[in-house]
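**Student:** Got a file for you: work_11.cif, mmCIF, C-alpha atoms.
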```
data_structure
loop_
_atom_site.label_atom_id
_atom_site.label_comp_id
_atom_site.auth_asym_id
_atom_site.auth_seq_id
_atom_site.Cartn_x
_atom_site.Cartn_y
_atom_site.Cartn_z
CA MET A 1 -48.46 -72.97 50.67
CA ASP A 2 -52.11 -72.81 49.67
CA PRO A 3 -52.97 -71.70 46.09
CA HIS A 4 -54.90 -68.60 47.26
CA ALA A 5 -51.78 -67.09 48.80
CA VAL A 6 -49.84 -67.60 45.54
CA ALA A 7 -52.64 -65.98 43.51
CA SER A 8 -52.71 -62.92 45.76
CA VAL A 9 -48.93 -62.51 45.47
CA VAL A 10 -49.15 -62.59 41.66
CA ASP A 11 -52.02 -60.08 41.68
CA PHE A 12 -50.07 -57.77 43.98
CA HIS A 13 -47.14 -57.91 41.59
CA VAL A 14 -49.32 -57.09 38.57
CA SER A 15 -51.19 -54.30 40.31
CA ALA A 16 -47.97 -52.73 41.60
CA LYS A 17 -46.66 -52.81 38.04
CA LEU A 18 -49.78 -51.13 36.67
CA ILE A 19 -49.84 -48.48 39.42
CA GLY A 20 -46.20 -47.76 38.66
CA ALA A 21 -46.99 -47.45 34.96
CA GLY A 22 -49.78 -44.99 35.70
CA MET A 23 -47.52 -42.94 37.95
CA ALA A 24 -44.79 -42.92 35.31
CA ALA A 25 -47.28 -41.52 32.81
CA SER A 26 -47.70 -38.45 35.06
CA GLY A 27 -44.37 -37.30 33.66
CA MET A 28 -46.36 -36.20 30.63
CA ILE A 29 -47.83 -33.35 32.74
CA GLY A 30 -44.54 -31.51 32.30
CA ALA A 31 -44.52 -32.00 28.54
CA GLY A 32 -48.09 -30.71 28.36
CA ILE A 33 -47.23 -27.57 30.33
CA GLY A 34 -44.13 -27.11 28.21
CA LEU A 35 -46.03 -27.36 24.95
CA GLY A 36 -48.62 -24.90 26.24
CA VAL A 37 -45.93 -22.38 27.14
CA LEU A 38 -44.24 -22.92 23.78
CA PHE A 39 -47.30 -22.42 21.60
CA GLY A 40 -48.68 -19.65 23.82
CA ASN A 41 -45.50 -17.67 23.56
CA TYR A 42 -45.26 -18.29 19.83
CA LEU A 43 -48.80 -17.04 19.35
CA GLN A 44 -48.13 -13.97 21.50
CA ALA A 45 -45.02 -13.13 19.50
CA ALA A 46 -46.81 -13.83 16.21
CA ILE A 47 -49.64 -11.45 17.07
CA ARG A 48 -47.20 -8.71 18.07
CA ASN A 49 -45.13 -9.16 14.93
CA PRO A 50 -47.09 -11.05 12.26
CA ALA A 51 -44.46 -10.37 9.60
CA GLY A 52 -41.80 -12.33 11.48
CA ALA A 53 -44.00 -15.25 12.46
CA ALA A 54 -43.67 -17.42 9.36
CA SER A 55 -39.88 -17.38 9.44
CA GLN A 56 -39.81 -18.89 12.94
CA GLN A 57 -42.20 -21.76 12.22
CA THR A 58 -39.38 -24.27 11.73
CA MET A 59 -37.98 -23.29 15.13
CA LEU A 60 -41.46 -23.72 16.64
CA PHE A 61 -41.72 -27.28 15.38
CA LEU A 62 -38.17 -28.08 16.49
CA GLY A 63 -38.96 -26.79 19.97
CA MET A 64 -42.18 -28.78 19.96
CA ALA A 65 -40.28 -31.95 19.05
CA LEU A 66 -37.67 -31.46 21.74
CA THR A 67 -40.28 -30.66 24.41
CA GLU A 68 -42.45 -33.58 23.45
CA THR A 69 -39.53 -35.98 23.85
CA MET A 70 -39.58 -35.48 27.62
CA GLY A 71 -43.21 -36.61 27.74
CA LEU A 72 -42.48 -39.53 25.45
CA PHE A 73 -39.74 -40.72 27.82
CA SER A 74 -42.35 -41.17 30.55
CA PHE A 75 -44.69 -42.83 28.03
CA VAL A 76 -41.96 -45.32 27.13
CA VAL A 77 -41.18 -45.94 30.81
CA SER A 78 -44.80 -46.85 31.44
CA LEU A 79 -44.85 -49.10 28.37
CA ILE A 80 -41.71 -50.85 29.66
CA LEU A 81 -43.39 -51.27 33.06
CA ILE A 82 -46.52 -52.81 31.52
CA TYR A 83 -44.95 -55.05 28.87
CA GLY A 84 -41.28 -55.31 29.75
CA VAL A 85 -41.29 -56.08 33.49
CA LYS A 86 -42.04 -59.71 34.20
CA MET D 1 -70.85 -58.90 28.75
CA ALA D 2 -68.47 -60.88 30.88
CA ASN D 3 -67.62 -63.53 28.30
CA GLN D 4 -66.62 -60.97 25.64
CA PRO D 5 -62.94 -61.07 24.74
CA ALA D 6 -61.12 -57.95 25.90
CA ILE D 7 -60.20 -55.64 23.03
CA ASP D 8 -56.45 -55.25 23.13
CA PRO D 9 -55.25 -51.94 21.66
CA MET D 10 -51.72 -53.34 21.24
CA GLU D 11 -52.91 -56.20 19.04
CA GLN D 12 -52.59 -54.07 15.89
CA PHE D 13 -48.81 -53.89 16.31
CA ALA D 14 -48.32 -57.67 16.29
CA ILE D 15 -46.01 -58.89 13.54
CA TYR D 16 -46.93 -62.09 11.73
CA LYS D 17 -45.46 -63.85 8.74
CA ILE D 18 -47.26 -63.66 5.41
CA VAL D 19 -44.71 -65.50 3.26
CA SER D 20 -42.44 -67.86 5.17
CA LEU D 21 -38.90 -68.14 3.84
CA PRO D 22 -36.24 -70.52 5.19
CA PRO D 23 -33.90 -68.72 7.63
CA LEU D 24 -30.40 -67.83 6.44
CA HIS D 25 -27.37 -68.83 8.49
CA VAL D 26 -24.54 -66.31 8.34
CA GLY D 27 -21.78 -67.37 10.71
CA GLY D 28 -23.40 -67.89 14.10
CA LEU D 29 -26.35 -65.67 13.23
CA THR D 30 -29.74 -66.83 12.04
CA ILE D 31 -31.42 -64.27 9.83
CA ASP D 32 -35.12 -64.71 9.15
CA MET D 33 -35.94 -63.01 5.86
CA SER D 34 -39.64 -63.94 5.85
CA ILE D 35 -42.10 -61.42 4.46
CA THR D 36 -44.03 -60.16 7.48
CA ASN D 37 -46.86 -57.64 7.49
CA SER D 38 -44.29 -55.00 8.46
CA VAL D 39 -42.09 -55.84 5.47
CA LEU D 40 -45.12 -55.88 3.16
CA SER D 41 -46.12 -52.38 4.27
CA MET D 42 -42.58 -51.11 3.74
CA ILE D 43 -42.45 -52.64 0.25
CA ALA D 44 -45.84 -51.07 -0.56
CA GLY D 45 -44.54 -47.69 0.69
CA ALA D 46 -41.36 -47.98 -1.38
CA ILE D 47 -43.33 -48.87 -4.53
CA LEU D 48 -45.65 -45.93 -3.87
CA ILE D 49 -42.72 -43.50 -3.58
CA VAL D 50 -40.95 -44.78 -6.69
CA LEU D 51 -44.19 -44.77 -8.72
CA PHE D 52 -45.03 -41.23 -7.58
CA PHE D 53 -41.66 -39.83 -8.59
CA ALA D 54 -41.51 -41.84 -11.79
CA LEU D 55 -44.85 -40.36 -12.84
CA ALA D 56 -44.53 -36.87 -11.36
CA ALA D 57 -40.90 -35.89 -11.91
CA ARG D 58 -40.68 -34.11 -15.28
CA ARG D 59 -38.52 -31.28 -16.58
CA GLU D 60 -41.16 -28.94 -17.91
CA ILE D 61 -40.96 -25.19 -17.30
CA VAL D 62 -44.71 -25.02 -16.75
CA PRO D 63 -45.42 -27.83 -14.25
CA ASN D 64 -48.55 -29.93 -14.28
CA ARG D 65 -50.21 -30.95 -11.01
CA GLY D 66 -47.97 -33.97 -10.38
CA GLN D 67 -44.77 -32.07 -11.01
CA ALA D 68 -45.95 -29.21 -8.79
CA ALA D 69 -46.64 -31.68 -5.97
CA ALA D 70 -43.25 -33.34 -6.35
CA GLU D 71 -41.49 -29.96 -6.41
CA ALA D 72 -43.42 -28.82 -3.34
CA LEU D 73 -42.19 -31.90 -1.48
CA TYR D 74 -38.64 -31.19 -2.62
CA ASN D 75 -38.91 -27.57 -1.52
CA VAL D 76 -39.89 -28.60 2.00
CA ILE D 77 -36.37 -29.96 2.39
CA ASP D 78 -34.48 -27.62 0.07
CA ARG D 79 -36.05 -24.21 0.75
CA VAL D 80 -37.48 -24.61 4.27
CA LEU D 81 -34.78 -26.70 5.97
CA VAL D 82 -31.47 -26.92 4.13
CA GLY D 83 -31.43 -23.38 2.76
CA PRO D 84 -31.92 -21.42 6.02
CA ILE D 85 -30.22 -23.91 8.38
CA LEU D 86 -27.28 -25.38 6.44
CA GLY D 87 -26.75 -22.67 3.83
CA PRO D 88 -25.31 -23.25 0.35
CA GLU D 89 -22.71 -25.78 1.57
CA GLY D 90 -25.49 -28.13 2.61
CA ARG D 91 -27.00 -28.68 -0.85
CA GLY D 92 -25.20 -32.01 -1.16
CA TYR D 93 -27.15 -33.45 1.76
CA VAL D 94 -30.59 -32.73 0.26
CA PRO D 95 -30.97 -36.23 -1.30
CA TYR D 96 -30.43 -38.06 1.99
CA LEU D 97 -32.72 -35.74 3.95
CA LEU D 98 -35.37 -35.90 1.22
CA THR D 99 -35.26 -39.71 1.22
CA LEU D 100 -35.60 -39.78 4.99
CA PHE D 101 -38.47 -37.30 4.93
CA ILE D 102 -40.45 -38.96 2.16
CA LEU D 103 -39.97 -42.49 3.51
CA ILE D 104 -41.23 -41.53 6.98
CA LEU D 105 -43.99 -39.35 5.51
CA VAL D 106 -45.36 -42.10 3.28
CA LEU D 107 -45.13 -44.82 5.94
CA ASN D 108 -46.81 -42.56 8.52
CA LEU D 109 -49.56 -41.47 6.17
CA MET D 110 -50.19 -45.04 4.99
CA SER D 111 -50.74 -46.20 8.55
CA VAL D 112 -53.32 -43.44 9.18
CA VAL D 113 -55.09 -43.10 5.82
CA LEU D 114 -55.46 -46.84 5.23
CA LEU D 115 -56.33 -47.47 8.88
CA PHE D 116 -59.71 -48.98 8.04
CA GLY D 117 -58.63 -50.50 4.74
CA ASN D 118 -58.11 -54.23 4.58
CA ILE D 119 -57.20 -55.73 1.22
CA ALA D 120 -57.93 -59.48 0.93
CA GLY D 121 -57.39 -60.03 4.66
CA VAL D 122 -53.99 -58.33 4.52
CA SER D 123 -53.89 -54.93 6.15
CA LEU D 124 -51.42 -52.60 4.42
CA ALA D 125 -52.19 -50.13 7.18
CA PHE D 126 -49.66 -51.69 9.52
CA ALA D 127 -47.93 -48.82 11.32
CA VAL D 128 -44.31 -49.54 10.37
CA THR D 129 -43.03 -46.40 12.12
CA SER D 130 -44.54 -47.56 15.42
CA GLN D 131 -42.00 -50.40 15.51
CA ILE D 132 -39.00 -49.23 17.51
CA ALA D 133 -36.75 -51.49 15.42
CA VAL D 134 -37.57 -49.39 12.33
CA THR D 135 -37.30 -45.95 13.96
CA ALA D 136 -34.13 -46.92 15.84
CA THR D 137 -32.55 -48.11 12.59
CA LEU D 138 -33.34 -44.80 10.89
CA ALA D 139 -32.15 -42.79 13.89
CA VAL D 140 -28.90 -44.70 14.44
CA LEU D 141 -28.12 -44.63 10.72
CA THR D 142 -28.69 -40.87 10.57
CA PHE D 143 -26.87 -40.03 13.78
CA PHE D 144 -23.76 -42.13 13.25
CA SER D 145 -23.33 -41.19 9.60
CA ILE D 146 -23.37 -37.54 10.72
CA PHE D 147 -20.96 -38.30 13.59
CA ILE D 148 -18.53 -40.13 11.29
CA LEU D 149 -18.87 -37.38 8.68
CA GLY D 150 -17.68 -34.93 11.34
CA PHE D 151 -14.43 -36.87 11.79
CA VAL D 152 -13.98 -37.30 8.04
CA LYS D 153 -14.39 -33.56 7.42
CA HIS D 154 -12.64 -32.10 10.46
CA GLY D 155 -10.45 -34.88 11.89
CA PRO D 156 -9.78 -35.02 15.66
CA ARG D 157 -10.58 -31.29 15.90
CA PHE D 158 -14.23 -32.35 15.75
CA LEU D 159 -13.94 -33.51 19.40
CA THR D 160 -13.84 -29.85 20.51
CA LEU D 161 -17.60 -30.02 19.91
CA PHE D 162 -17.84 -31.41 23.44
CA ALA D 163 -15.84 -28.54 24.97
CA PRO D 164 -17.72 -25.22 24.71
CA SER D 165 -15.31 -22.37 23.96
CA GLY D 166 -14.70 -19.60 26.50
CA MET D 167 -15.17 -21.97 29.42
CA PRO D 168 -12.82 -21.95 32.47
CA LYS D 169 -10.55 -25.00 32.37
CA LEU D 170 -11.88 -26.33 35.68
CA MET D 171 -15.47 -26.29 34.46
CA LEU D 172 -14.55 -28.53 31.52
CA ILE D 173 -14.34 -31.50 33.92
CA PHE D 174 -18.10 -31.15 34.44
CA MET D 175 -19.10 -29.79 31.07
CA VAL D 176 -17.52 -32.41 28.80
CA PRO D 177 -19.44 -35.40 30.28
CA ILE D 178 -22.69 -33.41 30.22
CA GLU D 179 -22.14 -32.34 26.62
CA MET D 180 -21.27 -35.89 25.59
CA LEU D 181 -24.36 -37.25 27.32
CA SER D 182 -26.62 -34.72 25.63
CA TYR D 183 -24.95 -35.50 22.31
CA PHE D 184 -25.20 -39.27 22.46
CA ILE D 185 -28.80 -39.26 23.72
CA ARG D 186 -29.79 -37.83 20.32
CA PRO D 187 -30.34 -41.10 18.44
CA VAL D 188 -32.41 -42.34 21.40
CA THR D 189 -34.67 -39.30 21.35
CA LEU D 190 -34.86 -39.35 17.55
CA ALA D 191 -36.05 -42.96 17.59
CA LEU D 192 -38.38 -42.61 20.57
CA ARG D 193 -40.10 -39.47 19.25
CA LEU D 194 -41.32 -41.06 16.04
CA PHE D 195 -42.06 -44.38 17.76
CA GLY D 196 -43.95 -42.81 20.66
CA ASN D 197 -46.01 -40.47 18.54
CA MET D 198 -47.17 -43.12 16.10
CA LEU D 199 -47.74 -45.77 18.78
CA GLY D 200 -49.61 -43.38 21.05
CA GLY D 201 -51.85 -42.11 18.28
CA HIS D 202 -52.77 -45.58 17.07
CA VAL D 203 -53.46 -46.84 20.59
CA VAL D 204 -55.81 -43.92 21.25
CA LEU D 205 -57.64 -44.50 17.94
CA SER D 206 -57.97 -48.20 18.71
CA LEU D 207 -59.24 -47.47 22.24
CA PHE D 208 -61.99 -45.19 20.98
CA GLY D 209 -62.84 -47.77 18.32
CA SER D 210 -63.26 -50.41 21.00
CA PHE D 211 -65.52 -48.00 22.96
CA VAL D 212 -67.80 -47.68 19.91
CA VAL D 213 -68.22 -51.44 19.58
CA ALA D 214 -68.42 -52.31 23.28
CA LEU D 215 -70.95 -49.56 24.09
CA ALA D 216 -73.10 -50.38 21.03
CA ILE D 217 -73.25 -54.04 22.10
CA LEU D 218 -74.23 -52.90 25.59
CA GLY D 219 -76.91 -50.65 24.08
CA LEU D 220 -78.41 -53.54 22.10
CA SER D 221 -79.21 -55.45 25.28
CA GLY D 222 -82.42 -53.41 25.60
CA GLY D 223 -84.11 -51.40 28.35
CA LEU D 224 -82.31 -48.49 30.01
CA SER D 225 -78.97 -49.63 28.59
CA ALA D 226 -80.04 -48.19 25.21
CA LEU D 227 -78.56 -44.98 26.67
CA ALA D 228 -75.14 -46.50 25.95
CA PHE D 229 -75.64 -45.58 22.27
CA VAL D 230 -74.97 -41.92 23.18
CA PRO D 231 -71.33 -42.38 24.29
CA SER D 232 -70.91 -44.87 21.44
CA VAL D 233 -71.80 -42.22 18.87
CA LEU D 234 -69.67 -39.64 20.73
CA SER D 235 -66.71 -42.04 20.60
CA PHE D 236 -67.21 -42.38 16.87
CA GLY D 237 -67.09 -38.58 16.57
CA MET D 238 -63.85 -38.63 18.56
CA ILE D 239 -62.38 -41.13 16.07
CA VAL D 240 -63.13 -38.72 13.22
CA VAL D 241 -61.49 -35.83 15.08
CA LEU D 242 -58.50 -37.90 16.19
CA THR D 243 -57.92 -39.22 12.67
CA GLY D 244 -57.58 -35.60 11.54
CA LEU D 245 -55.14 -34.96 14.39
CA GLU D 246 -53.20 -38.10 13.48
CA LEU D 247 -52.84 -36.87 9.89
CA VAL D 248 -51.25 -33.66 11.21
CA VAL D 249 -48.98 -35.63 13.55
CA ALA D 250 -47.94 -38.00 10.75
CA ILE D 251 -46.83 -35.12 8.52
CA LEU D 252 -45.30 -33.14 11.40
CA GLN D 253 -43.24 -36.06 12.71
CA ALA D 254 -41.77 -36.74 9.27
CA PHE D 255 -40.88 -33.04 9.01
CA VAL D 256 -39.45 -32.96 12.54
CA PHE D 257 -37.27 -36.02 11.91
CA ALA D 258 -35.80 -34.38 8.80
CA ALA D 259 -35.48 -31.02 10.59
CA LEU D 260 -33.55 -32.50 13.51
CA ALA D 261 -31.30 -34.42 11.13
CA THR D 262 -30.61 -31.08 9.40
CA VAL D 263 -29.84 -29.36 12.71
CA TYR D 264 -27.45 -32.16 13.71
CA LEU D 265 -25.85 -31.97 10.27
CA ASN D 266 -25.43 -28.21 10.73
CA GLU D 267 -22.91 -28.77 13.55
CA VAL D 268 -20.79 -30.79 11.13
CA VAL D 269 -21.16 -28.74 7.95
CA ASN D 270 -20.74 -25.34 9.61
CA PHE D 271 -18.35 -26.57 12.29
CA GLY D 272 -16.52 -23.74 14.05
CA HIS D 273 -18.57 -20.97 12.41
CA GLY D 274 -20.56 -20.42 15.61
CA HIS D 275 -24.17 -21.42 15.86
#
```
Any chance you could give the structure as structure tokens?
**Tutor:**
Amino acid sequence: MDPHAVASVVDFHVSAKLIGAGMAASGMIGAGIGLGVLFGNYLQAAIRNPAGAASQQTMLFLGMALTETMGLFSFVVSLILIYGVK
Amino acid sequence: MANQPAIDPMEQFAIYKIVSLPPLHVGGLTIDMSITNSVLSMIAGAILIVLFFALAARREIVPNRGQAAAEALYNVIDRVLVGPILGPEGRGYVPYLLTLFILILVLNLMSVVLLFGNIAGVSLAFAVTSQIAVTATLAVLTFFSIFILGFVKHGPRFLTLFAPSGMPKLMLIFMVPIEMLSYFIRPVTLALRLFGNMLGGHVVLSLFGSFVVALAILGLSGGLSALAFVPSVLSFGMIVVLTGLELVVAILQAFVFAALATVYLNEVVNFGHGH
């Protein structure tokens, strides 16, 4: 087996890994949409009823944390693909 | 350009030993207790917290600035989280939640505020909370102490947590595994949230920092490439903006960690009272 063939196989492996990592990161699209919906709706409700807005701020941040987790899962998957997969 | 070393944004998370100690052998395990940069940052954070409360905690009726700051921090847990979520029965859990909150807050803020600080070649700005070992320890500790507390307080009746009431018997076959899955994924999400937020923020900051340097070097090569100074300066502006964003994220993630711990604790403290 000539060395050029081996090199191209290794490069194919690395590039497939990196393409996979990039595709995995697209899972963050959903988290972005979710956060937009969350904050948009909070703002809408807060403008309609400013008196009740402050009391729901804790819930807003909790919802933000739970929504964000879904995006972070895809972030971690791409990190595992880049650094974890040999 | 070609012979420049690539700037690796993950390099800042590398752990190295500062003081090497001989490893301990406990049974078949080898425990390395060396002082690494991660340990040094944690010690610095702990000293900072203890010093702050030693100096600021007083029992005056009219508080000075330090006491007001310390009481404001306490009220974040006591008045904002424990009061509305847990109610009066939850007052006993304030110390644990406050410790959790302040530890994560100080470690997060240290890693952002001291980002460009470098004392005698030792960077105290090491982002401890971007190590999954640290966040997973905090998350597992929090989750399983709450889980065990549930059994201590309520006995085997606590297992009805996994069976929603008013559900047809047949549906329980599907619901119980789903409920258990969503319950036991909690420490994973708790650890990953803090880890991912801090890691992501620091990687982005480091990337923009590398843009500043790389584009400025390109700009220095003369001729038309002097145009590269424009994106270099813009990247520097982005660093300023992102550092502000990172400050918000650092505070918010500490709050969110404590808030989720409070919500999980609520299922144990107010078990069977409806949610």
**Student:** Compute the chain A side of the contact with chain D at 9 Å, counting all atoms listed in the file, and hand it back as a list of chain:residue names.
**Tutor:**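 Listing them in order of chain and number gives A:Thr58, A:Phe61, A:Leu62, A:Met64, A:Ala65, A:Leu66, A:Glu68, A:Thr69, A:Met70, A:Leu72, A:Phe73, A:Phe75, A:Val76.
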**Student:** What's the 12 Å shell around Val37 (chain A), counting all atoms listed in the file, without same-chain residues fewer than 6 positions away, as an mmCIF file with C-alpha atoms, in the coordinates of the input?
**Tutor:**
```cif
data_model
loop_
_atom_site.group_PDB
_atom_site.id
_atom_site.type_symbol
_atom_site.label_atom_id
_atom_site.label_comp_id
_atom_site.auth_asym_id
_atom_site.auth_seq_id
_atom_site.Cartn_x
_atom_site.Cartn_y
_atom_site.Cartn_z
ATOM 1 C CA GLY A 30 -44.540 -31.510 32.300
ATOM 2 C CA ALA A 31 -44.520 -32.000 28.540
ATOM 3 C CA LEU A 43 -48.800 -17.040 19.350
ATOM 4 C CA GLN A 44 -48.130 -13.970 21.500
ATOM 5 C CA LEU A 60 -41.460 -23.720 16.640
ATOM 6 C CA GLY A 63 -38.960 -26.790 19.970
ATOM 7 C CA MET A 64 -42.180 -28.780 19.960
ATOM 8 C CA THR A 67 -40.280 -30.660 24.410
#
```
**Student:** Given the file above and the PyMOL selection byres ((chain D and resi 225-239) around 12), which residues are selected, and can you give them as a count of residues only?
**Tutor:** 34
**Student:** Can you translate the PyMOL selection byres ((chain D and resi 56) around 8) into the concrete residues it hits in this file, as a ChimeraX atom specification?
**Tutor:** /D:52-55,57-58,66-67,69-70
**Student:** Save out the residues we just selected, C-alpha atoms, as a PDB file, keeping the file's coordinate frame.
**Tutor:**
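As written to disk, part.pdb reads:
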```pdb
ATOM      1  CA  PHE D  52     -45.030 -41.230  -7.580  1.00  0.00           C
ATOM      2  CA  PHE D  53     -41.660 -39.830  -8.590  1.00  0.00           C
ATOM      3  CA  ALA D  54     -41.510 -41.840 -11.790  1.00  0.00           C
ATOM      4  CA  LEU D  55     -44.850 -40.360 -12.840  1.00  0.00           C
ATOM      5  CA  ALA D  57     -40.900 -35.890 -11.910  1.00  0.00           C
ATOM      6  CA  ARG D  58     -40.680 -34.110 -15.280  1.00  0.00           C
ATOM      7  CA  GLY D  66     -47.970 -33.970 -10.380  1.00  0.00           C
ATOM      8  CA  GLN D  67     -44.770 -32.070 -11.010  1.00  0.00           C
ATOM      9  CA  ALA D  69     -46.640 -31.680  -5.970  1.00  0.00           C
ATOM     10  CA  ALA D  70     -43.250 -33.340  -6.350  1.00  0.00           C
TER      11      ALA D  70
END
```
**Student:** Do you know which residues lie at most 12 Å from (-47.4, -50.3, 39.0), with coordinates as in the file and only C-alpha atoms counted, and could you write them as a PyMOL selection string?
**Tutor:** chain A and resi 11-25+77-83+85-86
**Student:** Given the file shown, enumerate the residues that the PyMOL selection byres ((chain D and resi 13-18) around 8) captures and present them as JSON, numbers by chain.
**Tutor:** {"D": [10, 11, 12, 19, 20, 34, 35, 36, 37, 38, 126, 127, 130, 131]}
**Student:** May I ask for the distance between CA of Tyr264 (chain D) and CA of Phe144 (chain D), given in Å to one decimal place?
**Tutor:**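 Separation of CA of Tyr264 (chain D) and CA of Phe144 (chain D): 10.6 Å.
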**Student:** Work out how far CA of Ala250 (chain D) is from CA of Met110 (chain D), in Å to one decimal.
**Tutor:** 9.4 Å
**Student:** Could you tell me how far CA of Leu105 (chain D) lies from CA of Asp32 (chain D), in Å and to one decimal?
**Tutor:**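 So the two atoms, CA of Leu105 (chain D) and CA of Asp32 (chain D), lie 27.1 Å apart.
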**Student:** Can you work out which one of A:Gly84, A:Gly71, A:Met28, A:Ser55 has the shortest atom-to-atom distance to Tyr42 (chain A), counting only C-alpha atoms?
**Tutor:**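 Smallest distance to Tyr42 (chain A) is found for A:Ser55.
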**Student:** Restricting the calculation to all atoms listed in the file: of D:Ala72, D:Ser165, D:Ile49, D:Ile31, which residue gets closest to Val106 (chain D)?
**Tutor:** D:Ile49
**Student:** Let me make sure I understand: among D:Ser41, D:Asn270, D:Ser182, D:Thr99, which one has the smallest atom-to-atom distance to Thr129 (chain D) if we use all atoms listed in the file?
**Tutor:** D:Ser41
**Student:** Reconstruct N, CA and C atoms of region 62-76 of chain A; output as a tab-separated table (two decimals), in the coordinates of the input.
**Tutor:**
```tsv
chain	number	residue	atom	x	y	z
A	62	LEU	N	-39.34	-27.46	15.85
A	62	LEU	CA	-38.17	-28.08	16.49
A	62	LEU	C	-38.33	-28.05	18.00
A	63	GLY	N	-38.76	-26.90	18.53
A	63	GLY	CA	-38.96	-26.79	19.97
A	63	GLY	C	-40.04	-27.74	20.44
A	64	MET	N	-41.10	-27.85	19.62
A	64	MET	CA	-42.18	-28.78	19.96
A	64	MET	C	-41.64	-30.21	20.05
A	65	ALA	N	-40.81	-30.59	19.07
A	65	ALA	CA	-40.28	-31.95	19.05
A	65	ALA	C	-39.43	-32.22	20.27
A	66	LEU	N	-38.57	-31.24	20.61
A	66	LEU	CA	-37.67	-31.46	21.74
A	66	LEU	C	-38.43	-31.48	23.06
A	67	THR	N	-39.48	-30.67	23.18
A	67	THR	CA	-40.28	-30.66	24.41
A	67	THR	C	-41.06	-31.96	24.57
A	68	GLU	N	-41.62	-32.39	23.45
A	68	GLU	CA	-42.45	-33.58	23.45
A	68	GLU	C	-41.67	-34.82	23.87
A	69	THR	N	-40.36	-34.82	23.53
A	69	THR	CA	-39.53	-35.98	23.85
A	69	THR	C	-39.58	-36.31	25.33
A	70	MET	N	-39.59	-35.25	26.17
A	70	MET	CA	-39.58	-35.48	27.62
A	70	MET	C	-40.84	-36.23	28.04
A	71	GLY	N	-41.98	-35.87	27.44
A	71	GLY	CA	-43.21	-36.61	27.74
A	71	GLY	C	-43.15	-38.03	27.22
A	72	LEU	N	-42.54	-38.19	26.04
A	72	LEU	CA	-42.48	-39.53	25.45
A	72	LEU	C	-41.58	-40.46	26.26
A	73	PHE	N	-40.57	-39.88	26.95
A	73	PHE	CA	-39.74	-40.72	27.82
A	73	PHE	C	-40.61	-41.39	28.88
A	74	SER	N	-41.52	-40.60	29.50
A	74	SER	CA	-42.35	-41.17	30.55
A	74	SER	C	-43.34	-42.17	29.95
A	75	PHE	N	-43.80	-41.89	28.74
A	75	PHE	CA	-44.69	-42.83	28.03
A	75	PHE	C	-43.98	-44.16	27.82
A	76	VAL	N	-42.71	-44.09	27.39
A	76	VAL	CA	-41.96	-45.32	27.13
A	76	VAL	C	-41.69	-46.05	28.43
```
